[in-house]
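Data file: input24.tsv. Format and content: TSV, N, CA and C atoms.
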```
chain	number	residue	atom	x	y	z
A	1	MET	N	-7.68	-25.35	25.66
A	1	MET	CA	-7.79	-24.25	24.73
A	1	MET	C	-7.06	-23.05	25.33
A	2	THR	N	-6.29	-22.38	24.47
A	2	THR	CA	-5.59	-21.17	24.88
A	2	THR	C	-6.36	-19.96	24.39
A	3	ILE	N	-6.62	-19.04	25.28
A	3	ILE	CA	-7.30	-17.80	24.89
A	3	ILE	C	-6.23	-16.83	24.42
A	4	ARG	N	-6.38	-16.35	23.22
A	4	ARG	CA	-5.43	-15.41	22.63
A	4	ARG	C	-5.96	-13.99	22.77
A	5	GLN	N	-5.11	-13.13	23.29
A	5	GLN	CA	-5.48	-11.73	23.43
A	5	GLN	C	-5.39	-11.03	22.08
A	6	ASN	N	-6.13	-9.96	21.93
A	6	ASN	CA	-6.09	-9.17	20.70
A	6	ASN	C	-5.94	-7.70	21.08
A	7	ALA	N	-4.82	-7.13	20.71
A	7	ALA	CA	-4.61	-5.70	20.94
A	7	ALA	C	-5.00	-4.98	19.66
A	8	ALA	N	-6.28	-4.62	19.57
A	8	ALA	CA	-6.78	-3.94	18.37
A	8	ALA	C	-5.97	-2.67	18.13
A	9	TYR	N	-5.76	-2.38	16.87
A	9	TYR	CA	-4.95	-1.22	16.49
A	9	TYR	C	-5.85	-0.14	15.94
A	10	PHE	N	-5.74	1.05	16.50
A	10	PHE	CA	-6.48	2.21	16.02
A	10	PHE	C	-5.49	3.10	15.28
A	11	GLY	N	-5.59	3.11	13.97
A	11	GLY	CA	-4.66	3.90	13.16
A	11	GLY	C	-4.82	5.39	13.41
A	12	THR	N	-3.75	6.05	13.64
A	12	THR	CA	-3.80	7.50	13.85
A	12	THR	C	-2.97	8.17	12.77
A	13	THR	N	-1.70	8.29	13.01
A	13	THR	CA	-0.80	8.92	12.05
A	13	THR	C	0.33	7.96	11.72
A	14	GLY	N	1.06	8.30	10.69
A	14	GLY	CA	2.18	7.46	10.31
A	14	GLY	C	3.04	8.19	9.30
A	15	LYS	N	3.90	7.44	8.65
A	15	LYS	CA	4.86	8.01	7.71
A	15	LYS	C	5.01	7.05	6.54
A	16	LEU	N	5.04	7.62	5.32
A	16	LEU	CA	5.28	6.81	4.12
A	16	LEU	C	6.46	7.41	3.37
A	17	THR	N	7.47	6.58	3.15
A	17	THR	CA	8.63	7.02	2.37
A	17	THR	C	8.76	6.13	1.14
A	18	ALA	N	9.31	6.72	0.10
A	18	ALA	CA	9.66	5.99	-1.12
A	18	ALA	C	11.12	6.30	-1.35
A	19	GLU	N	11.94	5.24	-1.27
A	19	GLU	CA	13.39	5.42	-1.32
A	19	GLU	C	13.77	6.38	-0.19
A	20	SER	N	14.37	7.51	-0.47
A	20	SER	CA	14.78	8.43	0.60
A	20	SER	C	13.84	9.64	0.71
A	21	ASP	N	12.73	9.62	-0.02
A	21	ASP	CA	11.80	10.75	-0.02
A	21	ASP	C	10.60	10.47	0.87
A	22	ASP	N	10.21	11.47	1.67
A	22	ASP	CA	9.09	11.36	2.60
A	22	ASP	C	7.84	11.98	1.97
A	23	TYR	N	6.80	11.17	1.77
A	23	TYR	CA	5.56	11.64	1.16
A	23	TYR	C	4.41	11.66	2.15
A	24	THR	N	4.71	11.68	3.43
A	24	THR	CA	3.71	11.65	4.49
A	24	THR	C	2.65	12.74	4.32
A	25	ALA	N	3.07	13.96	3.98
A	25	ALA	CA	2.14	15.10	3.90
A	25	ALA	C	1.09	14.90	2.81
A	26	ALA	N	1.36	14.10	1.81
A	26	ALA	CA	0.40	13.88	0.72
A	26	ALA	C	-0.55	12.73	0.99
A	27	VAL	N	-0.11	11.75	1.77
A	27	VAL	CA	-0.84	10.49	1.91
A	27	VAL	C	-1.91	10.58	3.00
A	28	THR	N	-3.12	10.12	2.65
A	28	THR	CA	-4.22	10.09	3.61
A	28	THR	C	-4.53	8.67	4.09
A	29	SER	N	-4.02	7.66	3.37
A	29	SER	CA	-4.24	6.28	3.77
A	29	SER	C	-3.22	5.39	3.07
A	30	CYS	N	-2.73	4.38	3.80
A	30	CYS	CA	-1.83	3.39	3.22
A	30	CYS	C	-2.24	2.03	3.76
A	31	ALA	N	-2.58	1.12	2.85
A	31	ALA	CA	-2.98	-0.24	3.24
A	31	ALA	C	-2.30	-1.23	2.31
A	32	LEU	N	-1.76	-2.29	2.89
A	32	LEU	CA	-1.20	-3.39	2.10
A	32	LEU	C	-2.26	-4.47	2.03
A	33	VAL	N	-2.71	-4.78	0.82
A	33	VAL	CA	-3.87	-5.63	0.62
A	33	VAL	C	-3.45	-6.93	-0.09
A	34	PRO	N	-3.62	-8.08	0.58
A	34	PRO	CA	-3.31	-9.35	-0.08
A	34	PRO	C	-4.51	-9.88	-0.85
A	35	THR	N	-4.23	-10.53	-1.96
A	35	THR	CA	-5.27	-11.26	-2.68
A	35	THR	C	-4.67	-12.59	-3.09
A	36	ALA	N	-5.49	-13.61	-3.10
A	36	ALA	CA	-5.02	-14.94	-3.50
A	36	ALA	C	-5.99	-15.51	-4.52
A	37	PRO	N	-5.47	-16.10	-5.59
A	37	PRO	CA	-6.36	-16.73	-6.54
A	37	PRO	C	-7.00	-17.98	-5.92
A	38	THR	N	-8.26	-18.18	-6.21
A	38	THR	CA	-8.95	-19.37	-5.70
A	38	THR	C	-9.70	-20.05	-6.85
A	39	ALA	N	-9.91	-21.31	-6.70
A	39	ALA	CA	-10.68	-22.07	-7.68
A	39	ALA	C	-11.39	-23.21	-6.94
A	40	THR	N	-12.55	-23.55	-7.43
A	40	THR	CA	-13.32	-24.65	-6.86
A	40	THR	C	-13.72	-25.58	-7.99
A	41	THR	N	-13.63	-26.87	-7.74
A	41	THR	CA	-14.08	-27.86	-8.72
A	41	THR	C	-14.97	-28.88	-8.01
A	42	THR	N	-15.97	-29.33	-8.71
A	42	THR	CA	-16.88	-30.35	-8.19
A	42	THR	C	-16.79	-31.57	-9.11
A	43	ASP	N	-16.50	-32.72	-8.49
A	43	ASP	CA	-16.41	-33.93	-9.32
A	43	ASP	C	-17.81	-34.51	-9.53
A	44	ILE	N	-17.91	-35.51	-10.39
A	44	ILE	CA	-19.22	-36.05	-10.73
A	44	ILE	C	-19.90	-36.76	-9.56
A	45	GLY	N	-19.16	-37.06	-8.52
A	45	GLY	CA	-19.73	-37.67	-7.33
A	45	GLY	C	-20.20	-36.64	-6.32
A	46	GLY	N	-20.05	-35.35	-6.63
A	46	GLY	CA	-20.49	-34.29	-5.73
A	46	GLY	C	-19.41	-33.79	-4.79
A	47	GLY	N	-18.22	-34.37	-4.88
A	47	GLY	CA	-17.12	-33.90	-4.04
A	47	GLY	C	-16.60	-32.54	-4.48
A	48	VAL	N	-16.38	-31.70	-3.54
A	48	VAL	CA	-15.91	-30.34	-3.83
A	48	VAL	C	-14.47	-30.21	-3.37
A	49	THR	N	-13.62	-29.71	-4.26
A	49	THR	CA	-12.23	-29.44	-3.92
A	49	THR	C	-11.96	-27.96	-4.15
A	50	GLN	N	-11.33	-27.33	-3.18
A	50	GLN	CA	-10.98	-25.92	-3.30
A	50	GLN	C	-9.48	-25.76	-3.34
A	51	PHE	N	-9.04	-24.83	-4.16
A	51	PHE	CA	-7.62	-24.55	-4.31
A	51	PHE	C	-7.38	-23.08	-3.98
A	52	VAL	N	-6.26	-22.82	-3.33
A	52	VAL	CA	-5.87	-21.44	-3.01
A	52	VAL	C	-4.42	-21.26	-3.43
A	53	GLY	N	-4.16	-20.22	-4.20
A	53	GLY	CA	-2.80	-19.92	-4.64
A	53	GLY	C	-2.10	-19.00	-3.64
A	54	GLY	N	-0.90	-18.63	-3.96
A	54	GLY	CA	-0.12	-17.74	-3.10
A	54	GLY	C	-0.65	-16.31	-3.14
A	55	ASN	N	-0.34	-15.56	-2.10
A	55	ASN	CA	-0.78	-14.17	-2.02
A	55	ASN	C	-0.08	-13.30	-3.05
A	56	ALA	N	-0.83	-12.41	-3.62
A	56	ALA	CA	-0.29	-11.29	-4.39
A	56	ALA	C	-0.70	-10.05	-3.62
A	57	TRP	N	0.26	-9.15	-3.38
A	57	TRP	CA	0.01	-7.98	-2.55
A	57	TRP	C	-0.05	-6.72	-3.41
A	58	ALA	N	-0.83	-5.75	-2.93
A	58	ALA	CA	-0.86	-4.42	-3.55
A	58	ALA	C	-0.83	-3.38	-2.44
A	59	ALA	N	-0.14	-2.29	-2.70
A	59	ALA	CA	-0.14	-1.15	-1.78
A	59	ALA	C	-1.22	-0.19	-2.25
A	60	GLN	N	-2.24	-0.04	-1.44
A	60	GLN	CA	-3.35	0.85	-1.76
A	60	GLN	C	-3.08	2.18	-1.06
A	61	ILE	N	-2.67	3.17	-1.85
A	61	ILE	CA	-2.25	4.46	-1.29
A	61	ILE	C	-3.22	5.54	-1.76
A	62	ALA	N	-3.87	6.19	-0.78
A	62	ALA	CA	-4.75	7.33	-1.07
A	62	ALA	C	-3.96	8.60	-0.76
A	63	TYR	N	-4.13	9.60	-1.60
A	63	TYR	CA	-3.35	10.82	-1.44
A	63	TYR	C	-4.09	12.02	-2.02
A	64	ASN	N	-3.67	13.20	-1.58
A	64	ASN	CA	-4.18	14.45	-2.15
A	64	ASN	C	-3.26	14.85	-3.29
A	65	GLN	N	-3.85	15.14	-4.44
A	65	GLN	CA	-3.05	15.50	-5.61
A	65	GLN	C	-2.37	16.86	-5.40
A	66	ASP	N	-1.15	16.96	-5.87
A	66	ASP	CA	-0.37	18.20	-5.79
A	66	ASP	C	0.37	18.34	-7.12
A	67	TRP	N	-0.05	19.31	-7.91
A	67	TRP	CA	0.58	19.55	-9.21
A	67	TRP	C	1.39	20.83	-9.20
A	68	THR	N	1.61	21.41	-8.01
A	68	THR	CA	2.36	22.66	-7.87
A	68	THR	C	3.75	22.43	-7.28
A	69	THR	N	3.84	21.60	-6.25
A	69	THR	CA	5.10	21.37	-5.55
A	69	THR	C	6.02	20.49	-6.39
A	70	PRO	N	7.25	20.94	-6.66
A	70	PRO	CA	8.19	20.08	-7.40
A	70	PRO	C	8.41	18.75	-6.68
A	71	ASP	N	8.45	17.68	-7.41
A	71	ASP	CA	8.69	16.33	-6.89
A	71	ASP	C	7.61	15.85	-5.92
A	72	SER	N	6.38	16.37	-6.06
A	72	SER	CA	5.28	15.88	-5.24
A	72	SER	C	4.99	14.42	-5.59
A	73	LEU	N	4.26	13.75	-4.71
A	73	LEU	CA	3.91	12.35	-4.97
A	73	LEU	C	3.14	12.23	-6.29
A	74	SER	N	2.23	13.15	-6.55
A	74	SER	CA	1.45	13.11	-7.80
A	74	SER	C	2.38	13.10	-9.01
A	75	GLN	N	3.38	13.97	-8.98
A	75	GLN	CA	4.31	14.07	-10.11
A	75	GLN	C	5.26	12.88	-10.17
A	76	LYS	N	5.69	12.39	-9.01
A	76	LYS	CA	6.62	11.25	-8.98
A	76	LYS	C	5.95	9.98	-9.49
A	77	LEU	N	4.65	9.80	-9.21
A	77	LEU	CA	3.97	8.60	-9.70
A	77	LEU	C	4.01	8.55	-11.22
A	78	ILE	N	3.89	9.69	-11.87
A	78	ILE	CA	3.98	9.73	-13.33
A	78	ILE	C	5.42	9.51	-13.79
A	79	GLU	N	6.35	10.18	-13.14
A	79	GLU	CA	7.77	10.05	-13.51
A	79	GLU	C	8.28	8.62	-13.32
A	80	TRP	N	7.86	7.98	-12.22
A	80	TRP	CA	8.35	6.65	-11.89
A	80	TRP	C	7.53	5.52	-12.52
A	81	HIS	N	6.50	5.82	-13.29
A	81	HIS	CA	5.61	4.79	-13.82
A	81	HIS	C	6.42	3.62	-14.41
A	82	GLY	N	6.12	2.42	-13.93
A	82	GLY	CA	6.78	1.21	-14.41
A	82	GLY	C	8.03	0.83	-13.65
A	83	GLN	N	8.57	1.73	-12.85
A	83	GLN	CA	9.79	1.44	-12.08
A	83	GLN	C	9.44	0.78	-10.75
A	84	VAL	N	10.38	0.01	-10.21
A	84	VAL	CA	10.22	-0.60	-8.89
A	84	VAL	C	10.93	0.29	-7.88
A	85	LYS	N	10.20	0.68	-6.83
A	85	LYS	CA	10.74	1.52	-5.77
A	85	LYS	C	10.49	0.84	-4.43
A	86	THR	N	11.37	1.11	-3.46
A	86	THR	CA	11.20	0.58	-2.12
A	86	THR	C	10.45	1.59	-1.27
A	87	PHE	N	9.36	1.14	-0.67
A	87	PHE	CA	8.53	1.97	0.20
A	87	PHE	C	8.59	1.45	1.62
A	88	THR	N	8.44	2.36	2.57
A	88	THR	CA	8.34	1.98	3.98
A	88	THR	C	7.17	2.73	4.59
A	89	TYR	N	6.27	1.98	5.22
A	89	TYR	CA	5.14	2.57	5.93
A	89	TYR	C	5.37	2.34	7.42
A	90	THR	N	5.39	3.43	8.18
A	90	THR	CA	5.65	3.37	9.62
A	90	THR	C	4.51	4.02	10.38
A	91	PRO	N	3.64	3.23	11.04
A	91	PRO	CA	2.62	3.82	11.89
A	91	PRO	C	3.27	4.46	13.12
A	92	ASP	N	2.72	5.58	13.56
A	92	ASP	CA	3.29	6.26	14.73
A	92	ASP	C	2.94	5.57	16.04
A	93	ASP	N	1.76	5.01	16.14
A	93	ASP	CA	1.29	4.43	17.41
A	93	ASP	C	0.95	2.97	17.23
A	94	GLY	N	1.88	2.10	17.57
A	94	GLY	CA	1.60	0.68	17.49
A	94	GLY	C	1.74	0.17	16.07
A	95	GLY	N	1.33	-1.05	15.88
A	95	GLY	CA	1.46	-1.63	14.56
A	95	GLY	C	2.89	-1.98	14.23
A	96	GLN	N	3.11	-2.49	13.07
A	96	GLN	CA	4.45	-2.86	12.64
A	96	GLN	C	4.86	-2.02	11.45
A	97	VAL	N	6.14	-1.91	11.26
A	97	VAL	CA	6.69	-1.19	10.12
A	97	VAL	C	6.69	-2.15	8.93
A	98	ALA	N	6.15	-1.69	7.80
A	98	ALA	CA	6.09	-2.52	6.60
A	98	ALA	C	7.02	-1.94	5.54
A	99	THR	N	7.86	-2.79	4.98
A	99	THR	CA	8.75	-2.39	3.89
A	99	THR	C	8.40	-3.27	2.69
A	100	PHE	N	8.30	-2.64	1.52
A	100	PHE	CA	7.91	-3.39	0.34
A	100	PHE	C	8.45	-2.73	-0.91
A	101	GLN	N	8.67	-3.57	-1.92
A	101	GLN	CA	9.07	-3.07	-3.23
A	101	GLN	C	7.85	-3.14	-4.13
A	102	ALA	N	7.49	-1.98	-4.69
A	102	ALA	CA	6.28	-1.92	-5.51
A	102	ALA	C	6.59	-1.34	-6.88
A	103	ARG	N	5.87	-1.84	-7.85
A	103	ARG	CA	5.97	-1.31	-9.21
A	103	ARG	C	5.04	-0.11	-9.27
A	104	VAL	N	5.60	1.05	-9.58
A	104	VAL	CA	4.86	2.31	-9.53
A	104	VAL	C	3.96	2.46	-10.76
A	105	LEU	N	2.75	2.91	-10.52
A	105	LEU	CA	1.79	3.22	-11.57
A	105	LEU	C	1.44	4.70	-11.49
A	106	ALA	N	1.21	5.31	-12.63
A	106	ALA	CA	0.81	6.72	-12.64
A	106	ALA	C	-0.54	6.85	-11.94
A	107	GLY	N	-0.72	7.98	-11.27
A	107	GLY	CA	-1.96	8.23	-10.55
A	107	GLY	C	-2.89	9.16	-11.31
A	108	GLN	N	-4.04	9.34	-10.75
A	108	GLN	CA	-5.10	10.16	-11.34
A	108	GLN	C	-4.70	11.63	-11.38
A	109	PHE	N	-5.18	12.32	-12.41
A	109	PHE	CA	-5.03	13.76	-12.52
A	109	PHE	C	-6.44	14.36	-12.55
A	110	GLY	N	-6.70	15.28	-11.62
A	110	GLY	CA	-7.98	15.97	-11.61
A	110	GLY	C	-9.04	15.28	-10.79
A	111	GLY	N	-10.23	15.92	-10.79
A	111	GLY	CA	-11.35	15.41	-10.02
A	111	GLY	C	-12.54	16.34	-10.13
A	112	GLY	N	-13.46	16.20	-9.20
A	112	GLY	CA	-14.71	16.95	-9.24
A	112	GLY	C	-14.56	18.41	-8.88
A	113	ALA	N	-15.58	19.18	-9.21
A	113	ALA	CA	-15.62	20.61	-8.90
A	113	ALA	C	-15.85	20.81	-7.40
A	114	ALA	N	-15.27	21.87	-6.87
A	114	ALA	CA	-15.45	22.28	-5.47
A	114	ALA	C	-15.07	21.19	-4.47
A	115	THR	N	-14.07	20.37	-4.81
A	115	THR	CA	-13.58	19.33	-3.91
A	115	THR	C	-12.06	19.29	-3.96
A	116	ILE	N	-11.47	18.74	-2.93
A	116	ILE	CA	-10.04	18.47	-2.96
A	116	ILE	C	-9.83	17.32	-3.93
A	117	HIS	N	-8.91	17.48	-4.84
A	117	HIS	CA	-8.63	16.40	-5.79
A	117	HIS	C	-7.75	15.36	-5.10
A	118	SER	N	-8.41	14.30	-4.70
A	118	SER	CA	-7.70	13.19	-4.08
A	118	SER	C	-7.71	12.03	-5.07
A	119	ALA	N	-6.89	11.04	-4.80
A	119	ALA	CA	-6.80	9.88	-5.69
A	119	ALA	C	-6.34	8.68	-4.87
A	120	THR	N	-6.55	7.50	-5.43
A	120	THR	CA	-6.03	6.27	-4.85
A	120	THR	C	-5.32	5.50	-5.95
A	121	VAL	N	-4.15	4.99	-5.63
A	121	VAL	CA	-3.39	4.19	-6.58
A	121	VAL	C	-3.10	2.84	-5.93
A	122	ASN	N	-3.21	1.77	-6.70
A	122	ASN	CA	-2.92	0.42	-6.21
A	122	ASN	C	-1.65	-0.07	-6.87
A	123	LEU	N	-0.57	-0.06	-6.10
A	123	LEU	CA	0.74	-0.44	-6.64
A	123	LEU	C	1.00	-1.92	-6.39
A	124	PRO	N	1.24	-2.71	-7.44
A	124	PRO	CA	1.55	-4.12	-7.24
A	124	PRO	C	2.89	-4.28	-6.52
A	125	ILE	N	2.89	-5.09	-5.48
A	125	ILE	CA	4.09	-5.33	-4.69
A	125	ILE	C	4.82	-6.54	-5.24
A	126	ASP	N	6.13	-6.42	-5.41
A	126	ASP	CA	6.95	-7.55	-5.84
A	126	ASP	C	7.21	-8.44	-4.62
A	127	GLY	N	6.73	-9.66	-4.66
A	127	GLY	CA	6.97	-10.59	-3.56
A	127	GLY	C	6.13	-10.25	-2.33
A	128	GLN	N	6.71	-10.52	-1.19
A	128	GLN	CA	6.05	-10.38	0.09
A	128	GLN	C	6.58	-9.15	0.82
A	129	PRO	N	5.70	-8.32	1.41
A	129	PRO	CA	6.21	-7.23	2.26
A	129	PRO	C	6.91	-7.81	3.48
A	130	THR	N	7.80	-7.06	4.06
A	130	THR	CA	8.39	-7.48	5.33
A	130	THR	C	7.80	-6.63	6.43
A	131	PHE	N	7.54	-7.25	7.56
A	131	PHE	CA	6.96	-6.56	8.70
A	131	PHE	C	7.91	-6.70	9.88
A	132	ALA	N	8.13	-5.59	10.57
A	132	ALA	CA	9.05	-5.59	11.71
A	132	ALA	C	8.49	-4.72	12.81
A	133	ALA	N	8.90	-5.03	14.02
A	133	ALA	CA	8.49	-4.20	15.15
A	133	ALA	C	9.05	-2.81	14.98
A	134	PRO	N	8.30	-1.79	15.39
A	134	PRO	CA	8.83	-0.43	15.27
A	134	PRO	C	10.07	-0.24	16.13
A	135	VAL	N	10.94	0.65	15.71
A	135	VAL	CA	12.14	0.93	16.49
A	135	VAL	C	11.72	1.43	17.86
A	136	GLY	N	12.30	0.84	18.90
A	136	GLY	CA	11.93	1.19	20.25
A	136	GLY	C	10.64	0.52	20.70
A	137	GLY	N	10.07	-0.37	19.84
A	137	GLY	CA	8.79	-1.01	20.15
A	137	GLY	C	8.94	-2.38	20.48
```
Turn the structure described in the file into structure tokens.
Amino acid sequence: MTIRQNAAYFGTTGKLTAESDDYTAAVTSCALVPTAPTATTTDIGGGVTQFVGGNAWAAQIAYNQDWTTPDSLSQKLIEWHGQVKTFTYTPDDGGQVATFQARVLAGQFGGGAATIHSATVNLPIDGQPTFAAPVGG
């Protein structure tokens, strides 16, 4: 048996770009989340068969809403709704750089009283994200 080491990653800061625009200042969290369809069938003899389909990915991006700054992420999500854009997420300390093409969905407008209006948008990713070692890493 081979013992595999695990270098746990503690997320600190990073950078999120869409095409050539940097939206780091707006984003509070970026996670690429895979989901796979599953199904289970039981035959009349009691045998159980499980099926797993291919991964479908979504970019789960949490951000602070900004309706004042021209071309803010909040405004671009509405402008780009339905378009496919290339995003790159680069953690500053460790981890890998993820590049993905996602179909943009409009984000939330507004929120509760006496709070920062934040929102989360789940952008469906076309295909598989690519992961690469950070430059200089």
**Item:** Neighbour list for stretch 34-36 of chain A as a VMD selection string, cut-off 6 Å, all atoms listed in the file, skip fewer than 2 positions in-chain
**Value:** chain A and resid 32 38 53 to 58
**Message:** Can you tell me, as an MDAnalysis selection string, which residues in stretch 2-130 of chain A count as alpha helix (DSSP H) by DSSP?
**Reply:** chainID A and resid 73:79
**Request:** Could you give me, as a count of residues only, the residues within 7 Å of stretch 75-88 of chain A, counting only N, CA and C atoms and dropping anything in the same chain fewer than 3 positions from it?
**Result:** 20
**Message:** Could you tell me how far atom C of A:Gln60 sits from atom N of A:Cys30, in Å to one decimal place?
**Reply:**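 Atom-to-atom, atom N of A:Cys30 to atom C of A:Gln60, that is 5.3 Å.
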**Item:** Distance in Å - atom CA of A:Thr68 versus atom C of A:Thr24
**Value:**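 One can read the atom CA of A:Thr68 to atom C of A:Thr24 distance as 15.7 Å.
If you measure from each of A:Ile116, A:Leu73, A:Ala132, A:Gly111 to A:Asp22 using only N, CA and C atoms, the closest one turns out to be A:Leu73.
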**Prompt:** How far is it from atom C of A:Gln5 to atom N of A:Gln128, in Å with one decimal?
**Reply:**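 Interatomic distance, atom C of A:Gln5 to atom N of A:Gln128: 26.2 Å.
In terms of minimum interatomic distance to A:Phe10, A:Asp93 ranks closest within A:Asp93, A:Ala113, A:Asp126, A:Val27, counting all atoms listed in the file.
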**Surrounding residues of A:Gly95 excluding itself and chain neighbours under 4 positions, 7 Å, all atoms listed in the file, as number ranges by chain** = A: 9, 91, 132-134
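Nearest-residue note for A:Asp92: choosing from A:His117, A:Gly11, A:Gly46, A:Val33, the minimum distance belongs to A:Gly11, counting only C-alpha atoms.
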**Request:** Please return as a PyMOL selection string: the residues of stretch 17-132 of chain A that backbone DSSP assigns to strand (DSSP E or B).
**Result:** chain A and resi 17-18+21-22+27-35+38-42+48-52+56-64+84-91+97-103+118-125+130-132
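Omitting A:Ala62 and its sequence neighbours fewer than 4 positions away, and counting all atoms listed in the file, the residues within 6 Å are A:Ala26, A:Val27, A:Thr28, A:Ser29, A:Cys30, A:Ala119, A:Thr120, A:Val121.
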**Request:** Identify which of the residues A:Gln50, A:Ala114, A:Ala59, A:Gln108 lies closest to A:Pro129, counting only C-alpha atoms when measuring atom-to-atom distances.
**Result:**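 Using only C-alpha atoms, the shortest distance to A:Pro129 belongs to A:Ala59.
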